[in-house]
Each structure stands twice: as C-alpha cells, then as structure tokens.
file coords.txt (compact mmCIF, C-alpha atoms)
# COMPACT_ATOMS: atom_id res chain seq x y z
CA MET A 1 -5.90 -9.33 -20.11
CA THR A 2 -8.40 -7.24 -18.18
CA ARG A 3 -9.27 -8.21 -14.63
CA ALA A 4 -12.95 -8.60 -15.55
CA ASP A 5 -12.01 -11.08 -18.31
CA ALA A 6 -9.76 -13.00 -15.94
CA VAL A 7 -12.45 -13.10 -13.23
CA ALA A 8 -14.91 -14.41 -15.83
CA LEU A 9 -12.49 -17.12 -17.07
CA VAL A 10 -11.87 -18.34 -13.52
CA ALA A 11 -15.58 -18.19 -12.60
CA ASP A 12 -16.44 -20.25 -15.68
CA ALA A 13 -13.98 -22.95 -14.57
CA LEU A 14 -15.81 -23.56 -11.27
CA ALA A 15 -18.30 -26.39 -10.79
CA SER A 16 -21.74 -25.23 -9.68
CA ASP A 17 -21.45 -26.65 -6.14
CA TRP A 18 -18.04 -25.10 -5.41
CA LEU A 19 -17.95 -22.29 -2.89
CA ALA A 20 -16.32 -18.94 -3.65
CA ILE A 21 -15.28 -16.01 -1.46
CA ALA A 22 -14.53 -12.75 -3.28
CA CYS A 23 -12.55 -9.89 -1.76
CA ASN A 24 -13.83 -6.34 -1.52
CA GLY A 25 -13.60 -3.87 -4.37
CA MET A 26 -13.88 -4.45 -8.08
CA ILE A 27 -13.21 -8.20 -7.90
CA SER A 28 -16.47 -8.81 -6.00
CA ARG A 29 -18.34 -6.51 -8.33
CA GLU A 30 -16.97 -8.23 -11.43
CA LEU A 31 -17.74 -11.72 -10.12
CA PHE A 32 -21.23 -10.60 -9.08
CA ALA A 33 -21.88 -9.01 -12.48
CA HIS A 34 -20.53 -12.00 -14.41
CA ALA A 35 -22.09 -14.93 -12.58
CA ASP A 36 -23.82 -14.42 -9.26
CA ALA A 37 -24.89 -17.54 -7.34
CA PRO A 38 -25.80 -18.41 -3.73
CA THR A 39 -22.50 -20.30 -3.48
CA ARG A 40 -20.64 -16.97 -3.86
CA PHE A 41 -19.90 -14.70 -0.93
CA TYR A 42 -18.87 -11.12 -1.64
CA MET A 43 -16.87 -9.50 1.15
CA VAL A 44 -17.66 -5.81 0.84
CA GLY A 45 -15.65 -4.63 3.87
CA SER A 46 -12.96 -6.16 6.08
CA MET A 47 -10.21 -5.75 3.51
CA GLY A 48 -7.49 -8.37 3.87
CA LEU A 49 -9.71 -11.09 5.29
CA ALA A 50 -10.98 -12.94 2.19
CA SER A 51 -8.39 -15.71 2.50
CA SER A 52 -9.10 -16.09 6.23
CA ILE A 53 -12.83 -16.45 5.52
CA GLY A 54 -12.08 -18.95 2.77
CA LEU A 55 -9.82 -20.89 5.12
CA GLY A 56 -12.57 -21.07 7.74
CA VAL A 57 -15.04 -22.41 5.17
CA ALA A 58 -12.49 -24.91 3.81
CA ILE A 59 -11.69 -26.26 7.28
CA VAL A 60 -15.30 -26.92 8.26
CA GLN A 61 -16.44 -28.10 4.81
CA PRO A 62 -13.57 -30.40 3.78
CA ALA A 63 -15.65 -32.14 1.10
CA ARG A 64 -16.39 -28.89 -0.73
CA THR A 65 -13.99 -27.07 -3.03
CA VAL A 66 -13.44 -23.48 -1.87
CA VAL A 67 -12.05 -20.79 -4.17
CA VAL A 68 -10.94 -17.37 -2.93
CA PHE A 69 -11.00 -14.52 -5.47
CA ASP A 70 -8.43 -12.11 -4.05
CA GLY A 71 -6.47 -9.02 -5.07
CA ASP A 72 -2.87 -7.96 -4.59
CA GLY A 73 -3.88 -5.13 -2.24
CA ASN A 74 -5.93 -7.50 -0.13
CA VAL A 75 -3.19 -10.14 0.14
CA LEU A 76 -0.53 -7.57 0.96
CA MET A 77 -2.73 -6.01 3.64
CA ASN A 78 -2.83 -9.25 5.59
CA MET A 79 0.03 -11.34 4.32
CA SER A 80 0.17 -13.23 7.61
CA ALA A 81 -2.97 -15.06 6.45
CA LEU A 82 -0.84 -16.85 3.82
CA GLY A 83 0.94 -18.48 6.74
CA SER A 84 -2.31 -19.63 8.29
CA VAL A 85 -3.48 -21.13 5.00
CA ALA A 86 -0.16 -22.93 4.53
CA ALA A 87 -0.09 -24.18 8.12
CA ALA A 88 -3.66 -25.52 8.02
CA ALA A 89 -2.98 -26.92 4.52
CA PRO A 90 -6.58 -27.65 3.45
CA ARG A 91 -6.51 -29.69 0.26
CA ASN A 92 -9.81 -28.13 -0.84
CA LEU A 93 -8.70 -24.46 -0.79
CA TYR A 94 -7.66 -22.57 -3.93
CA HIS A 95 -6.44 -18.98 -3.77
CA VAL A 96 -6.71 -17.01 -7.00
CA VAL A 97 -5.07 -13.57 -6.89
CA PHE A 98 -5.81 -10.93 -9.53
CA ASP A 99 -2.72 -8.73 -9.48
CA ASN A 100 -2.86 -5.34 -11.20
CA GLY A 101 -0.28 -3.75 -8.92
CA SER A 102 -2.72 -1.13 -7.78
CA HIS A 103 -5.56 -0.16 -5.48
CA GLU A 104 -7.97 0.27 -8.38
CA SER A 105 -11.10 0.99 -6.36
CA THR A 106 -9.53 4.00 -4.64
CA GLY A 107 -8.02 5.67 -7.69
CA GLY A 108 -5.29 3.36 -8.94
CA GLN A 109 -2.60 4.04 -6.33
CA ALA A 110 0.31 1.62 -6.63
CA THR A 111 0.68 -1.41 -4.36
CA ILE A 112 4.08 -3.02 -3.83
CA SER A 113 3.30 -6.21 -5.73
CA ASN A 114 5.68 -5.22 -8.54
CA ARG A 115 8.52 -5.69 -6.05
CA VAL A 116 7.00 -8.42 -3.86
CA PRO A 117 6.00 -11.49 -5.91
CA ILE A 118 3.00 -12.72 -3.95
CA GLU A 119 3.05 -16.24 -5.43
CA GLU A 120 6.66 -16.65 -4.27
CA VAL A 121 5.65 -15.61 -0.77
CA ALA A 122 2.84 -18.18 -0.82
CA ALA A 123 5.22 -20.90 -2.03
CA ALA A 124 7.75 -20.00 0.66
CA ALA A 125 5.01 -20.04 3.30
CA GLY A 126 4.12 -23.60 2.29
CA TYR A 127 1.33 -23.58 -0.28
CA ARG A 128 1.43 -26.90 -2.18
CA SER A 129 1.74 -24.99 -5.41
CA ALA A 130 1.84 -21.39 -6.57
CA VAL A 131 1.94 -20.27 -10.18
CA ARG A 132 1.83 -16.97 -12.05
CA VAL A 133 0.19 -16.46 -15.43
CA ALA A 134 -0.01 -13.28 -17.48
CA ASP A 135 -2.04 -13.97 -20.62
CA ASP A 136 -5.45 -15.45 -21.30
CA GLY A 137 -4.20 -18.33 -23.45
CA THR A 138 -1.94 -19.57 -20.66
CA LEU A 139 -4.67 -18.96 -18.09
CA ALA A 140 -7.15 -21.11 -20.01
CA GLY A 141 -4.60 -23.93 -20.12
CA VAL A 142 -3.69 -23.65 -16.43
CA LEU A 143 -7.37 -23.62 -15.44
CA ARG A 144 -7.82 -27.06 -17.02
CA THR A 145 -5.59 -28.65 -14.37
CA PHE A 146 -5.25 -26.14 -11.50
CA PHE A 147 -8.28 -27.29 -9.51
CA ALA A 148 -7.51 -31.00 -10.06
CA GLU A 149 -4.34 -30.82 -7.94
CA PRO A 150 -4.66 -30.67 -4.14
CA GLY A 151 -4.55 -27.31 -2.40
CA PRO A 152 -3.73 -25.07 -0.84
CA ALA A 153 -2.71 -23.69 -4.21
CA MET A 154 -2.27 -20.15 -5.46
CA LEU A 155 -2.91 -18.97 -8.99
CA LEU A 156 -1.67 -15.42 -9.44
CA ILE A 157 -2.96 -13.74 -12.59
CA THR A 158 -1.25 -10.59 -13.77
CA VAL A 159 -3.96 -8.32 -15.13
CA GLU A 160 -4.12 -4.86 -16.68
CA ARG A 161 -5.03 -1.83 -14.63
CA GLY A 162 -8.38 -0.22 -15.28
CA ASN A 163 -12.03 -0.78 -14.51
CA GLN A 164 -14.97 -1.90 -16.57
CA PRO A 165 -17.03 1.27 -17.21
CA GLY A 166 -20.42 1.29 -15.54
CA ILE A 167 -19.89 -1.85 -13.47
CA GLY A 168 -22.51 -2.08 -10.74
CA ARG A 169 -22.17 -2.70 -7.04
CA VAL A 170 -23.14 -5.93 -5.34
CA THR A 171 -26.86 -5.34 -4.94
CA VAL A 172 -27.75 -8.23 -2.62
CA GLU A 173 -27.83 -7.09 1.03
CA PRO A 174 -24.91 -8.33 3.15
CA ARG A 175 -27.07 -10.30 5.59
CA GLN A 176 -28.84 -11.93 2.65
CA LEU A 177 -25.46 -12.84 1.11
CA ALA A 178 -24.39 -14.53 4.34
CA ALA A 179 -27.67 -16.38 4.84
CA ARG A 180 -27.87 -17.74 1.32
CA PHE A 181 -24.19 -18.77 1.32
CA ARG A 182 -24.59 -20.61 4.62
CA ALA A 183 -27.62 -22.42 3.25
CA ALA A 184 -25.74 -23.33 0.06
CA ALA A 185 -22.68 -24.50 2.02
CA THR A 186 -24.60 -26.65 4.48
CA GLY A 187 -27.52 -27.81 2.38
CA ARG A 188 -29.90 -26.46 5.03
CA MET B 1 -16.38 -29.79 40.52
CA GLY B 2 -13.49 -29.53 38.04
CA SER B 3 -11.51 -26.45 37.15
CA ALA B 4 -13.17 -23.21 36.06
CA SER B 5 -11.55 -23.69 32.64
CA ARG B 6 -13.13 -27.13 32.26
CA GLN B 7 -16.47 -25.74 33.38
CA LEU B 8 -16.33 -22.99 30.76
CA VAL B 9 -15.35 -25.38 27.95
CA ASP B 10 -18.20 -27.72 28.93
CA LEU B 11 -20.64 -24.81 28.97
CA LEU B 12 -19.52 -23.73 25.49
CA ASP B 13 -20.02 -27.31 24.33
CA ASP B 14 -23.47 -27.47 25.92
CA HIS B 15 -24.53 -24.23 24.24
CA GLY B 16 -23.68 -25.44 20.75
CA TYR B 17 -20.35 -23.74 20.09
CA THR B 18 -18.55 -25.81 17.50
CA PHE B 19 -15.57 -23.82 16.23
CA PHE B 20 -12.75 -22.37 18.30
CA THR B 21 -10.05 -20.00 17.16
CA GLY B 22 -8.14 -17.03 18.50
CA VAL B 23 -4.93 -15.52 19.74
CA PRO B 24 -3.80 -16.45 23.26
CA CYS B 25 -3.69 -14.53 26.52
CA SER B 26 -2.36 -15.83 29.82
CA PHE B 27 -5.68 -14.90 31.48
CA PHE B 28 -7.44 -17.79 29.68
CA ALA B 29 -4.45 -20.08 29.19
CA GLY B 30 -6.24 -22.87 31.05
CA VAL B 31 -9.13 -22.81 28.57
CA LEU B 32 -6.80 -22.91 25.57
CA ARG B 33 -4.85 -25.78 27.13
CA ILE B 34 -8.04 -27.84 27.06
CA LEU B 35 -9.11 -26.73 23.58
CA GLU B 36 -5.67 -27.30 22.05
CA GLY B 37 -5.14 -30.54 23.95
CA GLU B 38 -8.32 -32.26 22.79
CA PRO B 39 -8.48 -32.75 19.01
CA ARG B 40 -12.28 -32.94 18.98
CA TYR B 41 -12.38 -29.16 19.52
CA GLY B 42 -10.29 -28.58 16.38
CA TYR B 43 -8.83 -25.38 17.82
CA VAL B 44 -7.23 -23.23 15.10
CA GLY B 45 -4.58 -20.85 16.37
CA ALA B 46 -4.79 -17.57 14.45
CA VAL B 47 -1.97 -15.15 13.68
CA ARG B 48 -3.98 -11.96 14.30
CA GLU B 49 -7.28 -11.26 15.98
CA ASP B 50 -8.95 -9.93 12.82
CA CYS B 51 -7.80 -13.05 10.97
CA ALA B 52 -9.39 -15.07 13.77
CA LEU B 53 -12.66 -13.23 13.15
CA GLY B 54 -12.29 -13.97 9.42
CA LEU B 55 -11.70 -17.66 10.12
CA ALA B 56 -14.64 -17.68 12.51
CA ALA B 57 -16.84 -15.98 9.91
CA GLY B 58 -15.86 -18.62 7.36
CA ALA B 59 -16.62 -21.37 9.86
CA TYR B 60 -20.02 -19.80 10.55
CA LEU B 61 -20.74 -19.55 6.83
CA GLY B 62 -19.79 -23.22 6.64
CA GLY B 63 -22.32 -24.15 9.32
CA ARG B 64 -20.50 -23.86 12.64
CA GLN B 65 -20.98 -21.57 15.65
CA PRO B 66 -17.66 -19.94 16.52
CA VAL B 67 -15.89 -18.72 19.65
CA VAL B 68 -12.99 -16.28 19.19
CA PHE B 69 -10.41 -15.80 21.94
CA MET B 70 -8.32 -12.65 22.20
CA GLN B 71 -6.56 -10.31 24.55
CA ASN B 72 -8.22 -6.88 24.71
CA SER B 73 -5.30 -5.46 22.70
CA GLY B 74 -6.77 -7.57 19.89
CA LEU B 75 -10.07 -5.71 20.12
CA GLY B 76 -8.29 -2.74 18.56
CA VAL B 77 -6.99 -4.94 15.75
CA SER B 78 -10.50 -6.35 15.25
CA VAL B 79 -12.62 -3.21 14.98
CA ASN B 80 -12.99 -3.19 11.20
CA ALA B 81 -13.76 -6.90 11.03
CA ILE B 82 -16.43 -6.51 13.72
CA VAL B 83 -18.16 -3.52 12.13
CA SER B 84 -17.71 -4.27 8.41
CA LEU B 85 -17.96 -8.08 8.49
CA ASN B 86 -19.75 -9.54 11.52
CA GLN B 87 -22.19 -6.73 12.20
CA ILE B 88 -23.31 -6.00 8.64
CA TYR B 89 -23.52 -9.65 7.50
CA ASP B 90 -25.20 -10.86 10.72
CA ILE B 91 -22.35 -13.24 11.47
CA PRO B 92 -22.52 -14.09 15.18
CA ALA B 93 -19.60 -15.05 17.39
CA LEU B 94 -18.86 -15.31 21.08
CA LEU B 95 -15.73 -13.28 21.77
CA VAL B 96 -13.77 -14.30 24.86
CA VAL B 97 -11.69 -11.22 25.65
CA SER B 98 -9.18 -10.86 28.47
CA TRP B 99 -9.24 -7.65 30.51
CA ARG B 100 -5.61 -6.67 30.59
CA GLY B 101 -5.03 -3.30 32.22
CA GLN B 102 -8.02 -3.60 34.53
CA ARG B 103 -5.68 -2.66 37.34
CA ALA B 104 -3.14 0.17 37.25
CA THR B 105 -0.45 -2.31 38.29
CA ASP B 106 -0.57 -4.07 34.88
CA ALA B 107 2.05 -3.36 32.20
CA PRO B 108 1.90 0.13 30.65
CA GLU B 109 0.87 -1.05 27.18
CA HIS B 110 -2.38 -2.41 28.63
CA LEU B 111 -3.48 0.54 30.76
CA ILE B 112 -5.26 2.72 28.21
CA MET B 113 -7.27 -0.10 26.61
CA GLY B 114 -7.88 -1.56 30.06
CA ALA B 115 -9.42 1.68 31.26
CA MET B 116 -11.58 2.25 28.17
CA MET B 117 -12.53 -1.31 27.33
CA GLU B 118 -16.05 -1.30 28.75
CA ASP B 119 -16.89 2.02 27.02
CA PHE B 120 -15.24 0.72 23.86
CA LEU B 121 -17.40 -2.42 23.83
CA ARG B 122 -20.55 -0.33 24.40
CA LEU B 123 -19.55 2.01 21.58
CA LEU B 124 -19.09 -0.99 19.29
CA GLY B 125 -22.49 -2.31 20.32
CA ILE B 126 -21.11 -5.55 21.74
CA PRO B 127 -23.11 -6.83 24.74
CA PHE B 128 -20.82 -8.34 27.37
CA ASN B 129 -20.58 -10.00 30.77
CA VAL B 130 -17.52 -10.23 32.99
CA PHE B 131 -16.54 -13.77 33.97
CA GLU B 132 -17.41 -14.81 37.49
CA ARG B 133 -17.57 -18.43 38.44
CA GLY B 134 -20.76 -17.95 40.43
CA THR B 135 -22.71 -16.57 37.48
CA ILE B 136 -21.01 -18.15 34.48
CA GLU B 137 -23.78 -20.64 33.66
CA ARG B 138 -26.37 -17.88 33.60
CA ASP B 139 -24.07 -15.47 31.76
CA ILE B 140 -23.17 -17.89 28.94
CA ALA B 141 -26.85 -18.76 28.52
CA ALA B 142 -27.82 -15.07 28.37
CA LEU B 143 -24.99 -14.07 26.03
CA THR B 144 -25.79 -16.99 23.73
CA ASP B 145 -29.48 -16.07 23.65
CA THR B 146 -28.58 -12.48 22.75
CA MET B 147 -26.11 -13.62 20.09
CA ARG B 148 -28.64 -15.99 18.51
CA SER B 149 -31.47 -13.46 18.49
CA THR B 150 -29.37 -10.56 17.14
CA HIS B 151 -26.95 -12.58 14.95
CA LYS B 152 -24.20 -10.27 16.19
CA PRO B 153 -21.03 -10.76 18.26
CA VAL B 154 -21.24 -10.79 22.06
CA ALA B 155 -18.36 -10.93 24.54
CA LEU B 156 -17.35 -12.69 27.71
CA ILE B 157 -14.70 -10.63 29.49
CA VAL B 158 -12.09 -12.63 31.38
CA VAL B 159 -10.26 -11.10 34.35
CA GLU B 160 -7.01 -12.33 35.86
CA GLY B 161 -7.64 -15.44 37.91
CA GLU B 162 -9.33 -18.77 37.65
CA LEU B 163 -9.12 -19.35 33.88
CA GLN B 164 -5.33 -19.05 33.85
CA ARG B 165 -5.05 -22.66 35.02
call {"tool": "encode", "arguments": {"input": "coords.txt", "output": "structure tokens"}}
result
Amino acid sequence: MTRADAVALVADALASDWLAIACNGMISRELFAHADAPTRFYMVGSMGLASSIGLGVAIVQPARTVVVFDGDGNVLMNMSALGSVAAAAPRNLYHVVFDNGSHESTGGQATISNRVPIEEVAAAAGYRSAVRVADDGTLAGVLRTFFAEPGPAMLLITVERGNQPGIGRVTVEPRQLAARFRAAATGR
Amino acid sequence: MGSASRQLVDLLDDHGYTFFTGVPCSFFAGVLRILEGEPRYGYVGAVREDCALGLAAGAYLGGRQPVVFMQNSGLGVSVNAIVSLNQIYDIPALLVVSWRGQRATDAPEHLIMGAMMEDFLRLLGIPFNVFERGTIERDIAALTDTMRSTHKPVALIVVEGELQR
C-alpha cells in the first residue's frame, strides 16, 4: 500500500467535524492534496511535535475527536511525547502513524523503525490500544472500529517507500492555516 | 498582599491566560506549586520544552491562551518550535523563562546560556521583561498587549528570588 493511499483511506474515515493534525513532510502534502478542510492543520516545520499539538487540542476540546497523522521519523524524533499522550490519556485522541521506515522527504534515508516497533512503544507507554496493519484490506476493516473505541489509541500503518510524483506543497499560508483551524475548533 | 507567586498567577488569570504547561525550574517553583495544586488551572507538566510549546500551540488552536514555563536551558531546546511553529503560524504564548547563569556563581552548565540569554532572545525576536515585583503588573499588561497585537511569543524572565516560594 502506498502512503498516499493509506492517508486517503484514513482521511475518508473521519467525520467532517473531527479535527486533524498532520506532521511535516509528505504526509501533510498528501492529506492536503486528498481532502483539505479548515478542520485540518498541517505542521510544516517543528518536526516531532505533531502529537504534542494534537494532545493540546484534545485536552482543551474534549468533546471533539482529534486525529494525528504522523510519520515514523516524526515519532522517533520525539518519542517522549508518547509518554505525555499516555499520561494525559485523552479518550478523544487518535494517533495514526504512517511507517515507511524512511525519511522520504529528505531522500529516503532509513529510520530505525524496522528495529523499534513504534506501536509496541506506545502500548508500553500506556496507550489504551495500539495496532499495526500492513495491507489495505485489513486497514479498511480496522478503520470501521478504530475510532469507536476510546483513545488514546495508535494505528500504525506499514506503507511502501516512495512519493507520489508531482505532489504539491501545502499552499495555504501558515497563519491562515492556524486561524481557520482555531475558528473550526472553537466555532468562533 | 500575598506572595509574589500568588500575585503573578492572579495577574495571568486577570489577563486571560487559560492554559498552563511547561518544564519546572526552582526559580519559579512557587508559581508551579499554585498551578499544580489548584485543578482549575489544569496545569500539564511537559517532558521537554519544545513539547510544551507543541502542547501550548494545540491548546491555542483549540481556543485557549497559553503560558509556557521553562528554564533558560529549555530555550535552546525550543528554538525550532519557536521559529518554525509559533512565529510562522502566528501562535502566541507567554513564555516564563528562568535566568539561570545570570551570576557567575551559578553552576557551570548555566553560565554560557546565562550570559547570552538576553542577546539570544533579541536574536529570536522575542520581546521580554525581567520580573520585578514593583513593575510586574505593568510588565504583564505590556507583554500581553504585545503578544496579542503581534500574535507571537513574548517572555517574562524570572531571576532567583521571590517566585521560588
């Protein structure tokens, strides 16, 4: 399964009022290209902080479902954040990790996720659940129930390396992304 | 008049700060004792200073106005979050930063950051005031005005002394 296909499958499983935070790199670009919405925040810098941002949103908006679109490089860069998510234990936070074992945006250099199973780290830290899927049929099945169970929950999706040719950048200005997300999150 | 720590917490309350996170320092231990001791503040202890900025950014995006506490060692950890998250997305925060290494008698690991901290904050484009009890009401009001008009982080620098209790 390609990462772009996996991102699209997960995006299509979200209700329209759910809030999403996407990590920097191709994952943001793929989510933006597939289904942009004001409820989606694309983190273009600050690698490693997507789950912390998602946790902050989930804590202050406990009635809203919050989904973090993350990558293996991002999680590994700031693995301590898994502890903060587990400790705060927000029932409305879902952490989806697209794991291709590489830093695709910078030329495909290997990460260490082939030797460090991120979903096992999340489970050990105290996530309520953490599962790994590797094919689109299984992913479609898991997505039917994943968001119905309380979080914090991790869904790690093993995806192929490689980028979608010609994929664009996130074209909305950062300050505009923040303003529209805050309006969508607060109804103001 | 109560303690300086109580006064600062009340001022933050009065100025509309509604989310508190950070990593501790003994210089503002008295403030954290209040924030952690009273559930209405919902203080979230962070594991790293850049994670605290991420949490604070999320809280801001969710409608709150955050305060982030850190030792000045954490400023180094936070640089990328400040410049590639807060400052480009217009995500404001009040940083409360302790000034370790202000005096040459402090521990060696604090001396270099302590000596460069003011220049470092100016280089990062973070307006700041140094805590003094006599001017704190005015300083919090001014920092908050600047933060709200620029939508960027500002800092209150805390020296050794009254906020430890």
call {"tool": "closest_atom_pairs", "arguments": {"input": "coords.txt", "of": "segment 2-117 of chain B", "to": "segment 41-62 of chain A", "cutoff": "10 Å", "atoms": "only C-alpha atoms", "output": "tab-separated table"}}
result
residue	atom	partner	partner_atom	distance
B:Thr18	CA	A:Val60	CA	9.9
B:Phe19	CA	A:Val60	CA	8.6
B:Thr21	CA	A:Gly56	CA	9.8
B:Gly42	CA	A:Ile59	CA	9.5
B:Val44	CA	A:Gly56	CA	9.3
B:Ala46	CA	A:Ser52	CA	9.4
B:Asp50	CA	A:Leu49	CA	7.7
B:Cys51	CA	A:Ser52	CA	5.8
B:Ala52	CA	A:Ser52	CA	7.6
B:Leu53	CA	A:Ile53	CA	8.3
B:Gly54	CA	A:Ile53	CA	4.7
B:Leu55	CA	A:Gly56	CA	4.2
B:Ala56	CA	A:Gly56	CA	6.2
B:Ala57	CA	A:Ile53	CA	6.0
B:Gly58	CA	A:Gly56	CA	4.1
B:Ala59	CA	A:Gly56	CA	4.6
B:Tyr60	CA	A:Val57	CA	7.8
B:Leu61	CA	A:Val57	CA	6.6
B:Gly62	CA	A:Val57	CA	5.0
B:Gly63	CA	A:Val60	CA	7.6
B:Arg64	CA	A:Val60	CA	7.5
B:Ser78	CA	A:Ser46	CA	9.5
B:Val79	CA	A:Ser46	CA	9.4
B:Asn80	CA	A:Ser46	CA	5.9
B:Ala81	CA	A:Ser46	CA	5.1
B:Ile82	CA	A:Ser46	CA	8.4
B:Val83	CA	A:Ser46	CA	8.4
B:Ser84	CA	A:Gly45	CA	5.0
B:Leu85	CA	A:Ser46	CA	5.9
B:Asn86	CA	A:Ser46	CA	9.3
B:Ile88	CA	A:Gly45	CA	9.1
B:Tyr89	CA	A:Met43	CA	9.2
call {"tool": "atom_distance", "arguments": {"input": "coords.txt", "atom1": "atom CA of Leu163 of chain B", "atom2": "atom CA of Phe131 of chain B"}}
result
9.3 Å
call {"tool": "closest_residue", "arguments": {"input": "coords.txt", "among": "B:Val31, B:Ala141, B:Val47, B:Cys25", "to": "chain A", "atoms": "only C-alpha atoms"}}
result
B:Val47
call {"tool": "atom_distance", "arguments": {"input": "coords.txt", "atom1": "atom CA of Leu19 of chain A", "atom2": "atom CA of Met1 of chain A"}}
result
24.7 Å
call {"tool": "closest_residue", "arguments": {"input": "coords.txt", "among": "B:Arg48, B:His151, B:Arg133, B:Arg138", "to": "Leu94 of chain B", "atoms": "all atoms listed in the file"}}
result
B:His151
call {"tool": "atom_distance", "arguments": {"input": "coords.txt", "atom1": "atom CA of Arg175 of chain A", "atom2": "atom CA of Asp119 of chain B"}}
result
26.7 Å
call {"tool": "closest_residue", "arguments": {"input": "coords.txt", "among": "B:Arg100, B:Lys152, B:Asp14, B:Gly125", "to": "chain A", "atoms": "all atoms listed in the file"}}
result
B:Lys152
call {"tool": "residues_around", "arguments": {"input": "coords.txt", "residues": "Gly168 of chain A", "least_positions_apart": "3", "cutoff": "12 Å", "atoms": "only C-alpha atoms", "output": "PyMOL selection string"}}
result
chain A and resi 25-34+163-165+171-172
call {"tool": "closest_residue", "arguments": {"input": "coords.txt", "among": "A:Val116, A:Ala88, A:Trp18, A:Asn24", "to": "Val67 of chain A", "atoms": "all atoms listed in the file"}}
result
A:Trp18
call {"tool": "closest_residue", "arguments": {"input": "coords.txt", "among": "B:Met147, B:Ala29, B:Leu8, B:Leu124", "to": "Asp90 of chain B", "atoms": "only C-alpha atoms"}}
result
B:Met147
call {"tool": "closest_residue", "arguments": {"input": "coords.txt", "among": "A:Val66, A:Ala6, A:Ala11, A:Met154", "to": "chain B", "atoms": "only C-alpha atoms"}}
result
A:Val66
call {"tool": "residues_around", "arguments": {"input": "coords.txt", "residues": "Arg3 of chain A", "least_positions_apart": "6", "cutoff": "7 Å", "atoms": "all atoms listed in the file", "output": "count of residues only"}}
result
3
call {"tool": "residues_around", "arguments": {"input": "coords.txt", "residues": "Gly162 of chain A", "least_positions_apart": "4", "cutoff": "8 Å", "atoms": "all atoms listed in the file", "output": "PyMOL selection string"}}
result
chain A and resi 2+104+108
call {"tool": "residues_near_point", "arguments": {"input": "coords.txt", "point": "(4.6, -5.5, -9.9)", "cutoff": "10 Å", "atoms": "all atoms listed in the file", "output": "count of residues only"}}
result
15
call {"tool": "axis_aligned_box", "arguments": {"input": "coords.txt", "around": "segment 36-44 of chain A", "padding_each_side": "5 Å", "output": "JSON"}}
result
{"center_x": -21.3, "center_y": -13.1, "center_z": -4.1, "size_x": 18.9, "size_y": 24.5, "size_z": 20.4}
